[in-house]
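Okay, model_34.pdb is below, PDB, C-alpha atoms and all ligand atoms:
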```pdb
ATOM      1  CA  MET A  14     118.813  13.019 134.939  1.00  0.00           C
ATOM      2  CA  ASN A  15     122.407  12.769 133.794  1.00  0.00           C
ATOM      3  CA  ALA A  16     121.631  15.044 130.883  1.00  0.00           C
ATOM      4  CA  MET A  17     120.243  17.661 133.290  1.00  0.00           C
ATOM      5  CA  ALA A  18     123.342  17.511 135.515  1.00  0.00           C
ATOM      6  CA  GLN A  19     125.605  17.787 132.478  1.00  0.00           C
ATOM      7  CA  GLY A  20     123.520  20.698 131.239  1.00  0.00           C
ATOM      8  CA  PHE A  21     123.974  22.444 134.576  1.00  0.00           C
ATOM      9  CA  GLN A  22     127.732  21.900 134.426  1.00  0.00           C
ATOM     10  CA  ARG A  23     127.813  23.494 130.978  1.00  0.00           C
ATOM     11  CA  PHE A  24     125.691  26.380 132.273  1.00  0.00           C
ATOM     12  CA  SER A  25     127.950  27.067 135.230  1.00  0.00           C
ATOM     13  CA  ARG A  26     131.161  26.671 133.197  1.00  0.00           C
ATOM     14  CA  GLU A  27     130.190  28.535 130.020  1.00  0.00           C
ATOM     15  CA  VAL A  28     126.880  30.411 130.157  1.00  0.00           C
ATOM     16  CA  PHE A  29     127.112  31.912 133.641  1.00  0.00           C
ATOM     17  CA  PRO A  30     130.583  33.473 133.263  1.00  0.00           C
ATOM     18  CA  ALA A  31     129.683  34.858 129.826  1.00  0.00           C
ATOM     19  CA  ARG A  32     126.765  36.804 131.361  1.00  0.00           C
ATOM     20  CA  ALA A  33     128.289  37.520 134.742  1.00  0.00           C
ATOM     21  CA  ALA A  34     127.097  41.143 134.845  1.00  0.00           C
ATOM     22  CA  LEU A  35     123.468  40.127 134.305  1.00  0.00           C
ATOM     23  CA  PHE A  36     123.567  37.455 136.984  1.00  0.00           C
ATOM     24  CA  GLU A  37     125.315  39.789 139.416  1.00  0.00           C
ATOM     25  CA  GLU A  38     122.472  42.269 138.999  1.00  0.00           C
ATOM     26  CA  LEU A  39     119.831  39.551 139.283  1.00  0.00           C
ATOM     27  CA  ALA A  40     121.375  38.327 142.538  1.00  0.00           C
ATOM     28  CA  THR A  41     119.759  41.298 144.285  1.00  0.00           C
ATOM     29  CA  THR A  42     117.083  42.465 141.818  1.00  0.00           C
ATOM     30  CA  HIS A  43     113.792  40.876 140.774  1.00  0.00           C
ATOM     31  CA  ARG A  44     111.935  43.206 138.442  1.00  0.00           C
ATOM     32  CA  PRO A  45     110.126  41.226 135.729  1.00  0.00           C
ATOM     33  CA  THR A  46     108.030  43.244 133.300  1.00  0.00           C
ATOM     34  CA  ALA A  47     105.518  40.556 132.383  1.00  0.00           C
ATOM     35  CA  LEU A  48     103.625  37.616 133.822  1.00  0.00           C
ATOM     36  CA  PHE A  49     103.468  34.707 131.377  1.00  0.00           C
ATOM     37  CA  ILE A  50     100.824  32.065 132.076  1.00  0.00           C
ATOM     38  CA  GLY A  51     101.410  29.062 129.851  1.00  0.00           C
ATOM     39  CA  CYS A  52     100.876  25.322 129.684  1.00  0.00           C
ATOM     40  CA  SER A  53     103.176  22.904 131.499  1.00  0.00           C
ATOM     41  CA  ASP A  54     103.767  21.246 128.125  1.00  0.00           C
ATOM     42  CA  ALA A  55     107.524  20.743 127.663  1.00  0.00           C
ATOM     43  CA  ARG A  56     107.398  22.117 124.125  1.00  0.00           C
ATOM     44  CA  VAL A  57     106.164  25.550 125.093  1.00  0.00           C
ATOM     45  CA  VAL A  58     109.143  27.312 126.682  1.00  0.00           C
ATOM     46  CA  PRO A  59     108.217  30.906 127.588  1.00  0.00           C
ATOM     47  CA  GLU A  60     111.729  32.363 127.656  1.00  0.00           C
ATOM     48  CA  LEU A  61     112.633  30.687 124.367  1.00  0.00           C
ATOM     49  CA  ILE A  62     109.586  31.706 122.359  1.00  0.00           C
ATOM     50  CA  THR A  63     109.688  35.285 123.655  1.00  0.00           C
ATOM     51  CA  GLN A  64     113.495  35.456 123.607  1.00  0.00           C
ATOM     52  CA  SER A  65     113.473  36.776 127.162  1.00  0.00           C
ATOM     53  CA  ASP A  66     116.448  36.958 129.488  1.00  0.00           C
ATOM     54  CA  PRO A  67     116.466  35.589 133.019  1.00  0.00           C
ATOM     55  CA  GLY A  68     114.681  38.066 135.244  1.00  0.00           C
ATOM     56  CA  GLU A  69     112.312  39.377 132.575  1.00  0.00           C
ATOM     57  CA  LEU A  70     109.365  36.975 132.838  1.00  0.00           C
ATOM     58  CA  PHE A  71     107.443  35.885 135.913  1.00  0.00           C
ATOM     59  CA  VAL A  72     106.072  32.500 134.852  1.00  0.00           C
ATOM     60  CA  ILE A  73     103.139  30.335 135.891  1.00  0.00           C
ATOM     61  CA  ARG A  74     102.712  27.054 134.037  1.00  0.00           C
ATOM     62  CA  THR A  75      99.719  24.807 134.595  1.00  0.00           C
ATOM     63  CA  ALA A  76      98.197  21.896 132.702  1.00  0.00           C
ATOM     64  CA  GLY A  77      96.148  23.467 129.897  1.00  0.00           C
ATOM     65  CA  ASN A  78      97.269  26.996 130.932  1.00  0.00           C
ATOM     66  CA  LEU A  79      94.224  27.066 133.169  1.00  0.00           C
ATOM     67  CA  VAL A  80      93.733  29.902 135.655  1.00  0.00           C
ATOM     68  CA  PRO A  81      91.281  28.990 138.427  1.00  0.00           C
ATOM     69  CA  PRO A  82      88.837  31.820 139.135  1.00  0.00           C
ATOM     70  CA  TYR A  83      89.578  33.622 142.393  1.00  0.00           C
ATOM     71  CA  THR A  84      88.437  31.986 145.621  1.00  0.00           C
ATOM     72  CA  ARG A  85      89.586  32.539 149.178  1.00  0.00           C
ATOM     73  CA  GLY A  86      91.036  29.059 149.573  1.00  0.00           C
ATOM     74  CA  PRO A  87      94.751  28.238 149.370  1.00  0.00           C
ATOM     75  CA  ASP A  88      95.715  28.439 145.707  1.00  0.00           C
ATOM     76  CA  GLY A  89      99.261  28.592 144.358  1.00  0.00           C
ATOM     77  CA  VAL A  90      98.189  30.091 141.048  1.00  0.00           C
ATOM     78  CA  ALA A  91      96.245  32.867 142.796  1.00  0.00           C
ATOM     79  CA  ALA A  92      99.188  33.609 145.093  1.00  0.00           C
ATOM     80  CA  SER A  93     101.580  33.873 142.145  1.00  0.00           C
ATOM     81  CA  ILE A  94      99.203  36.158 140.228  1.00  0.00           C
ATOM     82  CA  GLU A  95      98.746  38.402 143.256  1.00  0.00           C
ATOM     83  CA  TYR A  96     102.487  38.634 143.867  1.00  0.00           C
ATOM     84  CA  ALA A  97     103.302  39.352 140.219  1.00  0.00           C
ATOM     85  CA  VAL A  98     100.624  42.018 139.790  1.00  0.00           C
ATOM     86  CA  ASP A  99     100.466  43.638 143.244  1.00  0.00           C
ATOM     87  CA  VAL A 100     104.074  43.393 144.410  1.00  0.00           C
ATOM     88  CA  LEU A 101     106.199  43.114 141.276  1.00  0.00           C
ATOM     89  CA  GLY A 102     103.888  45.382 139.287  1.00  0.00           C
ATOM     90  CA  VAL A 103     104.122  43.598 135.946  1.00  0.00           C
ATOM     91  CA  ALA A 104     102.775  45.746 133.117  1.00  0.00           C
ATOM     92  CA  ASP A 105     101.603  42.868 130.922  1.00  0.00           C
ATOM     93  CA  VAL A 106     100.013  39.479 131.533  1.00  0.00           C
ATOM     94  CA  VAL A 107      99.979  36.902 128.746  1.00  0.00           C
ATOM     95  CA  VAL A 108      97.796  33.791 128.805  1.00  0.00           C
ATOM     96  CA  CYS A 109      99.299  31.507 126.177  1.00  0.00           C
ATOM     97  CA  GLY A 110      97.603  28.428 124.752  1.00  0.00           C
ATOM     98  CA  HIS A 111      99.236  26.179 122.194  1.00  0.00           C
ATOM     99  CA  SER A 112      98.628  23.724 119.378  1.00  0.00           C
ATOM    100  CA  ALA A 113      98.349  20.004 120.174  1.00  0.00           C
ATOM    101  CA  CYS A 114      97.648  20.720 123.855  1.00  0.00           C
ATOM    102  CA  GLY A 115      97.080  17.400 125.634  1.00  0.00           C
ATOM    103  CA  ALA A 116      94.559  18.895 128.041  1.00  0.00           C
ATOM    104  CA  MET A 117      92.521  20.560 125.300  1.00  0.00           C
ATOM    105  CA  THR A 118      92.713  17.465 123.089  1.00  0.00           C
ATOM    106  CA  ALA A 119      91.397  15.262 125.915  1.00  0.00           C
ATOM    107  CA  LEU A 120      88.492  17.628 126.511  1.00  0.00           C
ATOM    108  CA  ALA A 121      87.653  18.179 122.841  1.00  0.00           C
ATOM    109  CA  SER A 122      87.683  14.459 122.103  1.00  0.00           C
ATOM    110  CA  GLY A 123      85.752  13.486 125.244  1.00  0.00           C
ATOM    111  CA  GLY A 124      88.483  11.050 126.315  1.00  0.00           C
ATOM    112  CA  ASP A 125      88.023   8.810 129.353  1.00  0.00           C
ATOM    113  CA  LEU A 126      89.861  10.486 132.237  1.00  0.00           C
ATOM    114  CA  THR A 127      88.363   8.419 135.085  1.00  0.00           C
ATOM    115  CA  ALA A 128      91.806   6.973 135.917  1.00  0.00           C
ATOM    116  CA  LEU A 129      93.109  10.524 136.369  1.00  0.00           C
ATOM    117  CA  PRO A 130      90.970  12.057 139.131  1.00  0.00           C
ATOM    118  CA  ALA A 131      93.257  15.045 139.735  1.00  0.00           C
ATOM    119  CA  VAL A 132      93.348  15.871 136.033  1.00  0.00           C
ATOM    120  CA  THR A 133      89.571  15.492 135.790  1.00  0.00           C
ATOM    121  CA  THR A 134      88.997  17.909 138.676  1.00  0.00           C
ATOM    122  CA  TRP A 135      91.545  20.411 137.371  1.00  0.00           C
ATOM    123  CA  LEU A 136      90.076  20.416 133.867  1.00  0.00           C
ATOM    124  CA  HIS A 137      86.743  21.666 135.224  1.00  0.00           C
ATOM    125  CA  HIS A 138      88.429  25.073 135.097  1.00  0.00           C
ATOM    126  CA  ALA A 139      87.915  24.711 131.331  1.00  0.00           C
ATOM    127  CA  ASP A 140      84.133  24.208 131.574  1.00  0.00           C
ATOM    128  CA  ALA A 141      83.454  27.697 130.206  1.00  0.00           C
ATOM    129  CA  SER A 142      86.008  27.066 127.440  1.00  0.00           C
ATOM    130  CA  MET A 143      84.143  23.880 126.501  1.00  0.00           C
ATOM    131  CA  ALA A 144      80.816  25.712 126.558  1.00  0.00           C
ATOM    132  CA  ARG A 145      82.170  28.341 124.150  1.00  0.00           C
ATOM    133  CA  THR A 146      83.478  25.701 121.746  1.00  0.00           C
ATOM    134  CA  GLY A 147      80.305  23.641 122.029  1.00  0.00           C
ATOM    135  CA  ALA A 148      78.268  26.683 121.021  1.00  0.00           C
ATOM    136  CA  GLY A 149      80.507  27.139 117.986  1.00  0.00           C
ATOM    137  CA  GLY A 150      79.430  23.810 116.467  1.00  0.00           C
ATOM    138  CA  HIS A 151      82.913  22.760 115.342  1.00  0.00           C
ATOM    139  CA  PRO A 152      83.232  19.272 113.827  1.00  0.00           C
ATOM    140  CA  ALA A 153      85.099  16.685 115.914  1.00  0.00           C
ATOM    141  CA  GLY A 154      88.828  16.385 115.279  1.00  0.00           C
ATOM    142  CA  PRO A 155      91.669  18.883 114.869  1.00  0.00           C
ATOM    143  CA  GLU A 156      89.320  21.797 114.094  1.00  0.00           C
ATOM    144  CA  ARG A 157      87.497  21.367 117.399  1.00  0.00           C
ATOM    145  CA  VAL A 158      90.785  21.113 119.321  1.00  0.00           C
ATOM    146  CA  ALA A 159      92.100  24.293 117.664  1.00  0.00           C
ATOM    147  CA  ALA A 160      88.854  26.109 118.449  1.00  0.00           C
ATOM    148  CA  LEU A 161      88.973  24.951 122.064  1.00  0.00           C
ATOM    149  CA  VAL A 162      92.583  26.110 122.456  1.00  0.00           C
ATOM    150  CA  LYS A 163      91.478  29.631 121.459  1.00  0.00           C
ATOM    151  CA  ASP A 164      88.208  29.567 123.422  1.00  0.00           C
ATOM    152  CA  ASN A 165      90.195  28.400 126.439  1.00  0.00           C
ATOM    153  CA  VAL A 166      92.499  31.420 126.243  1.00  0.00           C
ATOM    154  CA  LEU A 167      89.404  33.655 126.251  1.00  0.00           C
ATOM    155  CA  ALA A 168      87.875  31.790 129.197  1.00  0.00           C
ATOM    156  CA  GLN A 169      91.099  31.881 131.224  1.00  0.00           C
ATOM    157  CA  LEU A 170      91.465  35.621 130.605  1.00  0.00           C
ATOM    158  CA  ALA A 171      87.961  35.975 132.056  1.00  0.00           C
ATOM    159  CA  ASN A 172      89.025  33.889 135.083  1.00  0.00           C
ATOM    160  CA  LEU A 173      92.106  36.073 135.465  1.00  0.00           C
ATOM    161  CA  ARG A 174      89.918  39.173 135.764  1.00  0.00           C
ATOM    162  CA  THR A 175      88.215  37.680 138.841  1.00  0.00           C
ATOM    163  CA  HIS A 176      91.466  38.025 140.807  1.00  0.00           C
ATOM    164  CA  PRO A 177      91.268  41.196 142.924  1.00  0.00           C
ATOM    165  CA  SER A 178      94.865  42.226 142.168  1.00  0.00           C
ATOM    166  CA  VAL A 179      94.145  42.030 138.419  1.00  0.00           C
ATOM    167  CA  ALA A 180      90.751  43.755 138.715  1.00  0.00           C
ATOM    168  CA  LYS A 181      92.372  46.632 140.608  1.00  0.00           C
ATOM    169  CA  ALA A 182      95.335  46.953 138.222  1.00  0.00           C
ATOM    170  CA  LEU A 183      92.969  46.995 135.234  1.00  0.00           C
ATOM    171  CA  VAL A 184      90.936  49.865 136.700  1.00  0.00           C
ATOM    172  CA  GLN A 185      94.149  51.745 137.434  1.00  0.00           C
ATOM    173  CA  ARG A 186      95.372  50.995 133.885  1.00  0.00           C
ATOM    174  CA  LYS A 187      98.562  49.512 135.316  1.00  0.00           C
ATOM    175  CA  VAL A 188      98.285  46.192 133.519  1.00  0.00           C
ATOM    176  CA  THR A 189      97.292  44.952 130.051  1.00  0.00           C
ATOM    177  CA  LEU A 190      96.021  41.428 129.447  1.00  0.00           C
ATOM    178  CA  HIS A 191      96.988  39.499 126.307  1.00  0.00           C
ATOM    179  CA  GLY A 192      95.830  36.177 124.833  1.00  0.00           C
ATOM    180  CA  TRP A 193      98.245  34.212 122.681  1.00  0.00           C
ATOM    181  CA  VAL A 194      98.165  30.872 120.885  1.00  0.00           C
ATOM    182  CA  TYR A 195     101.534  29.366 119.961  1.00  0.00           C
ATOM    183  CA  ASP A 196     101.821  26.862 117.118  1.00  0.00           C
ATOM    184  CA  ILE A 197     104.516  24.289 117.895  1.00  0.00           C
ATOM    185  CA  GLY A 198     104.960  22.969 114.353  1.00  0.00           C
ATOM    186  CA  SER A 199     105.432  26.321 112.631  1.00  0.00           C
ATOM    187  CA  GLY A 200     106.925  28.408 115.446  1.00  0.00           C
ATOM    188  CA  SER A 201     104.297  31.066 114.797  1.00  0.00           C
ATOM    189  CA  ALA A 202     101.869  32.672 117.213  1.00  0.00           C
ATOM    190  CA  GLU A 203      98.560  34.481 117.137  1.00  0.00           C
ATOM    191  CA  THR A 204      97.325  37.151 119.500  1.00  0.00           C
ATOM    192  CA  LEU A 205      93.819  38.008 120.584  1.00  0.00           C
ATOM    193  CA  ASP A 206      92.405  41.236 119.205  1.00  0.00           C
ATOM    194  CA  THR A 207      90.310  42.322 122.157  1.00  0.00           C
ATOM    195  CA  GLU A 208      88.172  44.585 119.936  1.00  0.00           C
ATOM    196  CA  THR A 209      87.000  41.806 117.621  1.00  0.00           C
ATOM    197  CA  GLY A 210      87.564  38.721 119.782  1.00  0.00           C
ATOM    198  CA  ARG A 211      89.549  37.210 116.904  1.00  0.00           C
ATOM    199  CA  PHE A 212      93.118  35.975 116.782  1.00  0.00           C
ATOM    200  CA  THR A 213      95.574  37.531 114.343  1.00  0.00           C
ATOM    201  CA  ALA A 214      99.269  36.920 113.599  1.00  0.00           C
ATOM    202  CA  LEU A 215     101.474  38.143 116.426  1.00  0.00           C
ATOM    203  CA  ALA A 216     103.762  40.879 115.202  1.00  0.00           C
ATOM    204  CA  GLY A 217     106.426  42.730 117.164  1.00  0.00           C
TER     205      GLY A 217
HETATM  206 ZN    ZN B   1      99.056  22.183 126.789  1.00  0.00          ZN
END
```
Would you give me this structure, written as structure tokens?
Amino acid sequence: MNAMAQGFQRFSREVFPARAALFEELATTHRPTALFIGCSDARVVPELITQSDPGELFVIRTAGNLVPPYTRGPDGVAASIEYAVDVLGVADVVVCGHSACGAMTALASGGDLTALPAVTTWLHHADASMARTGAGGHPAGPERVAALVKDNVLAQLANLRTHPSVAKALVQRKVTLHGWVYDIGSGSAETLDTETGRFTALAG
């Protein structure tokens, strides 16, 4: 905690004054251009890996970068998606998976999650991801985890399309959906080619 407080002091003493004009504008303006849906994993930092400034990314982070399909119940993820797409009008939505994801590793290895009832329930949003990977016949181990990470991005993009705000924006061609997988160890990323369903190196 001390490190966080010290970090804030450094921010307010050094970083904030150096970018005063940006923060002055942001004080009254919220106009992000993209919605980034990533994993809660501490190693996957959206603003760092996309080199985005404050104000540029609207961010949702969930365990396993899972996006529950739309229902009419109270749902924080759904509310954030609706606000980003309908109100803020983001032009791009990225669902980003990552290497060594704890959630995907637990699922791919069939780990015992009975002591974690909330995690178990939440991970059911990856049932379609698991079905895709199961059909692929990948051997147990790192290859299956890597396959599940990618299949999960595909499945969560499908879930995203069930949200009325996204469905509407897609028809109106106001939004583009993207699937990424970030590799922590190499700092590289792949992007989903929607034509082929394959992932290729992410280039600018
Ligand atoms: Zn993760």
Report as a ChimeraX atom specification the full result of the PyMOL selection byres (((not hetatm)) within 9 of (chain B and resi 1)) when it is applied to this structure. /A:51-57,75-78,110-118,162
Result set of the PyMOL selection byres (((chain A and resi 144) around 12) and not hetatm) on the coordinates above, as a ChimeraX atom specification: /A:120-121,137-143,145-151,160-161,164-165,167-168
Residues returned when the PyMOL selection byres (((chain A and resi 66) around 12) and not hetatm) runs on this file, as a ChimeraX atom specification: /A:32,35-36,39,44-47,59-65,67-71
Contacts of stretch 172-186 of chain A at 7 Å or less, counting all atoms listed in the file, minus same-chain residues fewer than 3 places along, as a PyMOL selection string? chain A and resi 80-83+95+98-99+168-169
Go ahead and compute the interatomic distance for atom CA of A:Gly217 and atom CA of A:Thr204, in Å to one decimal.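 A separation of 10.9 Å between them.
For the pair atom CA of A:Val108 and atom CA of A:Ile50, the interatomic distance is 4.8 Å.
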Atom CA of A:Tyr195 to atom CA of A:Val166: how many Å, to one decimal?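 Separation between atom CA of A:Tyr195 and atom CA of A:Val166: 11.2 Å.
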As lines of an AutoDock Vina configuration file, please: the centre and edge lengths in Å, to one decimal, of an axis-aligned box enclosing every listed atom of stretch 140-145 of chain A with 3 Å added on each side.
```
center_x = 83.4
center_y = 26.1
center_z = 127.9
size_x = 11.2
size_y = 10.5
size_z = 13.4
```
Restricting the calculation to only C-alpha atoms: of A:Leu79, A:Ala214, A:Ala33, A:Gly86, which residue gets closest to A:Gly200?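 Of all the options, A:Ala214 lies closest to A:Gly200.
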